[in-house]
Amino acid sequence: MSYPEIRPRRLRRTPAIRRLVSETRVDPAELIVPMFVKEGLSEPRAIASLPGVLQHSRDSLRKAAAEAVQAGVGGIMLFGVPERRDPTGSGGIDPDGILNVAIRDVVAEVGGSTVVMSDLCLDEFTSHGHCGVLAADGDVDNDATLAAYAEMAVAQAAAGVDVVGPSGMMDGQVGVVRRALDAAGHQNVAVLAYAVKYASAFFGPFRDAVESALEGDRRSYQQDPANLRESLREVALDVAEGADMVMVKPALPYLDVVSAVRAAVDVPVAAYQVSGEYATVEAAAANGWIDRERVMMETLTSIKRAGAQIILTYWAVEAAGLLRQRY
C-alpha cells in the first residue's frame with residue numbers, strides 16, 4: 001500500500017504542537033489601542049458604527065487607559081473631539097484644547113507604564129474637516145499647514161506625549177515636526193509617521209467617531225489605492241526626514257504594501273487596522289455569519305505576518321487578554 005512519506009499534518013495534530021511550531025505570534029505589547037475623548041462629556045458615549053468603541057469623557061478615558069495598561073497593550077493613540085471648530089483648527093494647538101488636556105490626563109494616569117501617542121492632524125479641529133489650512137481656492141495649503149503642525153507637535157510634546165503621529169499626508173510634515181520638536185527641547189519625543197495613508201473608503205466609521213465635518217474628499221493629499229511605488233517613495237522621504245517609525249493605513253487591504261515597506265526600511269513598521277475593517281467584522285459577527293473571535297485574531301496575525309511590528313487596532317485590549325491566555 002502506498003502512502004505519503006512526508007506528512008506535514010503531523011505538526012498540526014494537537015493545539016500544543018501547533019503552538020510549538022507557530023511561525024507568527026502577535027504579542028500584546030505590539031498592540032496600540034486608539035481612544036477618542038470628546039470635550040464636554042460627563043459620561044462615555046457609544047459610537048453606533050463602531051460597536052464597543054466609545055467617545056470618552058476625561059474621567060472615563062483615564063479609567064480606560066488604566067484598563068488598557070492592565071491588559072498589557074503596548075500603547076494608546078489619542079484622538080480629540082472638540083466642542084467647537086474653526087477654519088484653522090486652532091483647538092489642536094491650544095494647550096487647553098481637548099487633545100492636549102487628554103494627553104496630560106493619560107500621562108498622569110499611566111505615563112511610564114505604556115507609550116502615550118497622539119494624532120497630529122487638524123481634521124478633528126477644522127470646521128471644514130480637512131487635514132490642513134485651506135487656501136483661497138479651497139485646496140489644502142501644504143506649507144501653511146506645516147506651520148500649524150509644527151505648533152501642534154510642540155503643544156503635544158509640552159503636554160507630555162511620548163510619540164506624535166503626523167497623519168495629514170502633507171509633503172515635508174515629518175521634517176517640519178522633527179525640527180520643531182528639537183528646537184523646543186523635545187528631542188526625546190518620537191515621530192510615528194503616517195507614511196502611507198490611502199484615500200480609503202474604510203475610514204467611514206472613524207469620521208463618525210470624531211464627528212467629522214469633512215466637505216468633499218481628501219484625494220488630493222491622501223494616496224491613490226492603486227499605487228505601491230508611490231508608497232515606497234513616501235516612506236523613504238519620511239525616514240530621510242527623521243521618522244522613528246512608519247505606518248501603513250489601512251492594514252488588511254494593503255498587506256502587500258506592509259510587506260514591501262518592511263523590506264524597504266530598517267525602522268519599526270506599524271499598520272493601522274482602521275475603523276471600517278473593525279466594523280465590517282463586527283457587523284458580520286453580529287449577524288452570525290462569522291466566528292468573531294477567530295476572525296479578529298486571524299486578521300491581527302495576518303497583519304503581523306505581512307511585516308508589521310506594531311498594530312493599531314480597536315480590538316487591542318480584548319486581543320491582548322486573549323493572547324495572554326493563549327501563550
# chains A, B, ... in the order shown; residues from 1 in each chain; ligands from 1
call {"tool": "select_by_dssp", "arguments": {"residues": "region 54-243 of chain A", "states": "strand (DSSP E)", "output": "VMD selection string"}}
result
chain A and resid 54 to 56 75 to 81 115 to 120 163 to 166 190 to 197
call {"tool": "residues_around", "arguments": {"residues": "Ala48 (chain A)", "least_positions_apart": "3", "cutoff": "12 Å", "atoms": "only C-alpha atoms", "output": "CSV table (one decimal) with all heavy atoms, in the first residue's frame"}}
result
chain,number,residue,atom,x,y,z
A,45,ARG,N,-19.8,57.9,25.6
A,45,ARG,CA,-20.9,57.8,24.6
A,45,ARG,C,-20.5,56.7,23.6
A,45,ARG,O,-19.4,56.7,23.0
A,45,ARG,CB,-21.1,59.1,24.0
A,45,ARG,CG,-22.2,59.2,22.9
A,45,ARG,CD,-22.3,60.5,22.3
A,45,ARG,NE,-22.7,61.6,23.2
A,45,ARG,CZ,-22.6,62.9,23.0
A,45,ARG,NH1,-22.2,63.3,21.8
A,45,ARG,NH2,-23.0,63.7,23.9
A,51,PRO,N,-19.2,49.4,17.1
A,51,PRO,CA,-19.7,48.7,18.3
A,51,PRO,C,-18.6,48.4,19.3
A,51,PRO,O,-17.6,47.8,18.9
A,51,PRO,CB,-20.3,47.4,17.7
A,51,PRO,CG,-20.6,47.7,16.3
A,51,PRO,CD,-19.5,48.6,15.8
A,52,GLY,N,-18.8,48.8,20.5
A,52,GLY,CA,-17.9,48.5,21.6
A,52,GLY,C,-16.8,49.6,21.7
A,52,GLY,O,-16.1,49.6,22.7
A,53,VAL,N,-16.8,50.6,20.8
A,53,VAL,CA,-15.9,51.7,20.9
A,53,VAL,C,-16.6,52.9,21.4
A,53,VAL,O,-17.8,53.1,21.1
A,53,VAL,CB,-15.2,52.0,19.6
A,53,VAL,CG1,-14.2,53.1,19.7
A,53,VAL,CG2,-14.5,50.7,19.1
A,54,LEU,N,-16.0,53.7,22.3
A,54,LEU,CA,-16.6,54.8,22.9
A,54,LEU,C,-16.0,56.2,22.6
A,54,LEU,O,-14.7,56.2,22.4
A,54,LEU,CB,-16.6,54.7,24.4
A,54,LEU,CG,-17.2,53.4,25.0
A,54,LEU,CD1,-16.9,53.3,26.5
A,54,LEU,CD2,-18.7,53.4,24.8
A,55,GLN,N,-16.8,57.2,22.6
A,55,GLN,CA,-16.2,58.6,22.8
A,55,GLN,C,-16.1,58.7,24.3
A,55,GLN,O,-17.2,58.6,25.0
A,55,GLN,CB,-17.2,59.6,22.3
A,55,GLN,CG,-17.2,59.8,20.8
A,55,GLN,CD,-18.1,60.9,20.3
A,55,GLN,OE1,-19.1,61.2,21.0
A,55,GLN,NE2,-17.8,61.6,19.2
A,204,GLY,N,-14.7,55.3,7.0
A,204,GLY,CA,-16.1,55.9,7.3
A,204,GLY,C,-16.4,55.9,8.8
A,204,GLY,O,-16.8,57.0,9.3
A,205,PRO,N,-16.4,54.8,9.5
A,205,PRO,CA,-16.8,54.9,10.9
A,205,PRO,C,-15.9,55.8,11.8
A,205,PRO,O,-16.4,56.4,12.7
A,205,PRO,CB,-16.7,53.4,11.4
A,205,PRO,CG,-16.9,52.6,10.1
A,205,PRO,CD,-16.2,53.5,9.1
A,206,PHE,N,-14.7,55.9,11.4
A,206,PHE,CA,-13.8,56.9,12.2
A,206,PHE,C,-14.3,58.3,12.1
A,206,PHE,O,-14.3,59.0,13.1
A,206,PHE,CB,-12.4,56.8,11.6
A,206,PHE,CG,-11.4,57.8,12.2
A,206,PHE,CD1,-10.7,57.5,13.3
A,206,PHE,CD2,-11.3,59.1,11.7
A,206,PHE,CE1,-9.8,58.4,13.9
A,206,PHE,CE2,-10.4,60.0,12.2
A,206,PHE,CZ,-9.7,59.7,13.3
A,207,ARG,N,-14.9,58.6,11.0
A,207,ARG,CA,-15.4,60.0,10.8
A,207,ARG,C,-16.6,60.2,11.7
A,207,ARG,O,-16.9,61.3,12.1
A,207,ARG,CB,-15.7,60.3,9.4
A,207,ARG,CG,-14.3,60.4,8.6
A,207,ARG,CD,-14.5,60.5,7.1
A,207,ARG,NE,-13.1,60.5,6.5
A,207,ARG,CZ,-12.9,60.3,5.2
A,207,ARG,NH1,-13.9,60.3,4.3
A,207,ARG,NH2,-11.7,60.3,4.7
A,208,ASP,N,-17.4,59.1,12.0
A,208,ASP,CA,-18.4,59.2,13.0
A,208,ASP,C,-17.8,59.5,14.4
A,208,ASP,O,-18.3,60.2,15.2
A,208,ASP,CB,-19.3,58.0,13.0
A,208,ASP,CG,-20.1,57.8,11.7
A,208,ASP,OD1,-20.3,58.8,11.0
A,208,ASP,OD2,-20.5,56.7,11.5
A,209,ALA,N,-16.8,58.7,14.6
A,209,ALA,CA,-16.2,58.8,16.0
A,209,ALA,C,-15.6,60.2,16.3
A,209,ALA,O,-15.7,60.6,17.5
A,209,ALA,CB,-15.0,57.8,16.1
A,211,GLU,N,-16.8,62.9,14.7
A,211,GLU,CA,-17.8,63.8,14.3
A,211,GLU,C,-17.3,64.8,13.2
A,211,GLU,O,-17.4,66.0,13.2
A,211,GLU,CB,-18.3,64.6,15.5
A,211,GLU,CG,-19.0,63.8,16.5
A,211,GLU,CD,-19.4,64.5,17.8
A,211,GLU,OE1,-19.4,65.8,17.8
A,211,GLU,OE2,-19.8,63.8,18.8
A,275,SER,N,-11.1,51.7,11.2
A,275,SER,CA,-12.5,51.6,11.7
A,275,SER,C,-13.4,50.7,10.8
A,275,SER,O,-14.2,49.9,11.2
A,275,SER,CB,-13.1,53.0,11.8
A,275,SER,OG,-13.1,53.7,10.6
A,279,ALA,N,-15.4,47.5,11.9
A,279,ALA,CA,-16.8,47.5,11.8
A,279,ALA,C,-17.3,46.4,10.9
A,279,ALA,O,-18.4,45.8,11.1
A,279,ALA,CB,-17.3,48.9,11.3
A,282,GLU,N,-17.3,43.2,12.9
A,282,GLU,CA,-18.3,43.3,14.0
A,282,GLU,C,-19.7,43.1,13.4
A,282,GLU,O,-20.6,42.4,14.0
A,282,GLU,CB,-18.2,44.6,14.7
A,282,GLU,CG,-16.9,44.7,15.6
A,282,GLU,CD,-17.0,43.9,16.8
A,282,GLU,OE1,-18.1,43.4,17.2
A,282,GLU,OE2,-15.9,43.6,17.4
A,283,ALA,N,-20.0,43.7,12.2
A,283,ALA,CA,-21.3,43.6,11.6
A,283,ALA,C,-21.6,42.2,11.2
A,283,ALA,O,-22.7,41.6,11.4
A,283,ALA,CB,-21.4,44.6,10.5
call {"tool": "residues_around", "arguments": {"residues": "Val115 (chain A)", "least_positions_apart": "2", "cutoff": "8 Å", "atoms": "only C-alpha atoms", "output": "MDAnalysis selection string"}}
result
chainID A and resid 74:76 111:113 117 162:163
call {"tool": "write_last_selection", "arguments": {"atoms": "C-alpha atoms", "output": "PDB file, in the first residue's frame"}}
result
ATOM      1  CA  GLY A  74       1.871  48.473  24.162  1.00  0.00           C
ATOM      2  CA  GLY A  75       0.381  51.934  23.817  1.00  0.00           C
ATOM      3  CA  ILE A  76      -2.554  54.286  23.462  1.00  0.00           C
ATOM      4  CA  GLY A 111       2.663  57.577  31.973  1.00  0.00           C
ATOM      5  CA  GLY A 112       5.739  55.380  32.214  1.00  0.00           C
ATOM      6  CA  SER A 113       3.615  52.212  32.115  1.00  0.00           C
ATOM      7  CA  MET A 117       0.745  58.614  21.461  1.00  0.00           C
ATOM      8  CA  ASP A 162       5.823  60.076  24.070  1.00  0.00           C
ATOM      9  CA  VAL A 163       5.088  59.793  20.339  1.00  0.00           C
TER      10      VAL A 163
END
call {"tool": "residues_around", "arguments": {"residues": "Met296 (chain A)", "least_positions_apart": "6", "cutoff": "12 Å", "atoms": "only C-alpha atoms", "output": "list of chain:residue names"}}
result
A:Val26, A:Leu252, A:Gln273, A:Glu277, A:Tyr278, A:Ala279, A:Thr280, A:Val281, A:Glu282, A:Ala284, A:Ala285, A:Ile290, A:Ser302, A:Ile303, A:Thr313, A:Tyr314, A:Trp315, A:Ala316, A:Glu318, A:Ala319, A:Ala320, A:Leu322, A:Leu323
call {"tool": "write_last_selection", "arguments": {"atoms": "N, CA and C atoms", "output": "compact mmCIF listing (two decimals), in the first residue's frame"}}
result
# COMPACT_ATOMS: atom_id res chain seq x y z
N VAL A 26 1.47 37.25 17.61
CA VAL A 26 1.21 38.64 17.99
C VAL A 26 1.40 38.75 19.49
N LEU A 252 -5.49 45.70 6.36
CA LEU A 252 -5.85 44.47 5.64
C LEU A 252 -5.91 44.61 4.12
N GLN A 273 -5.20 49.00 11.69
CA GLN A 273 -6.41 48.26 11.31
C GLN A 273 -7.59 49.22 11.55
N GLU A 277 -12.43 48.29 8.76
CA GLU A 277 -12.03 46.90 8.90
C GLU A 277 -12.69 46.29 10.13
N TYR A 278 -12.59 47.00 11.24
CA TYR A 278 -13.19 46.57 12.50
C TYR A 278 -14.70 46.44 12.38
N ALA A 279 -15.35 47.47 11.85
CA ALA A 279 -16.81 47.48 11.78
C ALA A 279 -17.34 46.39 10.87
N THR A 280 -16.63 46.09 9.80
CA THR A 280 -17.06 45.03 8.89
C THR A 280 -17.13 43.68 9.60
N VAL A 281 -16.09 43.38 10.36
CA VAL A 281 -16.08 42.12 11.10
C VAL A 281 -17.16 42.11 12.17
N GLU A 282 -17.29 43.22 12.90
CA GLU A 282 -18.30 43.28 13.96
C GLU A 282 -19.71 43.10 13.39
N ALA A 284 -20.60 41.54 10.55
CA ALA A 284 -20.79 40.17 10.08
C ALA A 284 -20.98 39.22 11.26
N ALA A 285 -20.21 39.45 12.34
CA ALA A 285 -20.33 38.60 13.52
C ALA A 285 -21.69 38.78 14.18
N ILE A 290 -19.93 34.93 10.80
CA ILE A 290 -18.54 34.54 11.03
C ILE A 290 -18.32 34.36 12.53
N SER A 302 -2.47 38.06 10.43
CA SER A 302 -2.11 38.30 9.03
C SER A 302 -1.35 39.62 8.89
N ILE A 303 -1.73 40.62 9.68
CA ILE A 303 -1.03 41.91 9.63
C ILE A 303 0.39 41.76 10.15
N THR A 313 -5.22 48.86 16.61
CA THR A 313 -6.48 48.15 16.41
C THR A 313 -7.44 48.45 17.54
N TYR A 314 -8.72 48.56 17.19
CA TYR A 314 -9.75 48.80 18.20
C TYR A 314 -9.99 47.57 19.06
N TRP A 315 -9.44 46.44 18.67
CA TRP A 315 -9.53 45.21 19.46
C TRP A 315 -8.34 45.05 20.40
N ALA A 316 -7.47 46.02 20.52
CA ALA A 316 -6.20 45.82 21.22
C ALA A 316 -6.38 45.26 22.62
N GLU A 318 -9.03 43.71 24.09
CA GLU A 318 -9.60 42.36 24.08
C GLU A 318 -8.59 41.34 23.56
N ALA A 319 -7.93 41.68 22.47
CA ALA A 319 -6.96 40.75 21.89
C ALA A 319 -5.80 40.48 22.85
N ALA A 320 -5.35 41.51 23.54
CA ALA A 320 -4.25 41.33 24.50
C ALA A 320 -4.64 40.32 25.57
N LEU A 322 -6.82 37.85 25.29
CA LEU A 322 -6.87 36.53 24.68
C LEU A 322 -5.46 35.97 24.44
N LEU A 323 -4.55 36.83 24.02
CA LEU A 323 -3.20 36.40 23.75
C LEU A 323 -2.48 35.97 25.02
call {"tool": "residues_around", "arguments": {"residues": "Asp119 (chain A)", "least_positions_apart": "2", "cutoff": "12 Å", "atoms": "only C-alpha atoms", "output": "PyMOL selection string"}}
result
chain A and resi 34-36+76-81+92+99-100+102-103+116-117+121-125+131+149+152-153+156-157+161-168+191-194+210
call {"tool": "atom_distance", "arguments": {"atom1": "CA of Gln222 (chain A)", "atom2": "CA of Arg262 (chain A)"}}
result
20.4 Å
call {"tool": "residues_around", "arguments": {"residues": "Arg305 (chain A)", "least_positions_apart": "4", "cutoff": "9 Å", "atoms": "only C-alpha atoms", "output": "PyMOL selection string"}}
result
chain A and resi 23-26+259+300-301
call {"tool": "residues_around", "arguments": {"residues": "Ala213 (chain A)", "least_positions_apart": "5", "cutoff": "7 Å", "atoms": "only C-alpha atoms", "output": "list in words"}}
result
Ser127, His128 and Gly129 of chain A
call {"tool": "closest_residue", "arguments": {"among": "A:Tyr272, A:Ala264, A:Ser212, A:Glu151", "to": "Ala184 (chain A)", "atoms": "only C-alpha atoms"}}
result
A:Glu151
call {"tool": "closest_residue", "arguments": {"among": "A:Thr126, A:Gly91, A:Asp171, A:Leu31", "to": "Thr114 (chain A)", "atoms": "only C-alpha atoms"}}
result
A:Leu31
call {"tool": "select_by_dssp", "arguments": {"residues": "region 149-219 of chain A", "states": "helix (DSSP H, G or I)", "output": "MDAnalysis selection string"}}
result
chainID A and resid 149:159 173:183 201:209
call {"tool": "atom_distance", "arguments": {"atom1": "CA of Asp59 (chain A)", "atom2": "CA of Ser42 (chain A)"}}
result
7.9 Å
call {"tool": "closest_residue", "arguments": {"among": "A:Arg85, A:Leu146, A:Ala135, A:Arg62", "to": "Ala108 (chain A)", "atoms": "only C-alpha atoms"}}
result
A:Arg62
call {"tool": "closest_residue", "arguments": {"among": "A:Gly321, A:Gly276, A:Arg13, A:Ala226", "to": "Glu293 (chain A)", "atoms": "only C-alpha atoms"}}
result
A:Gly321
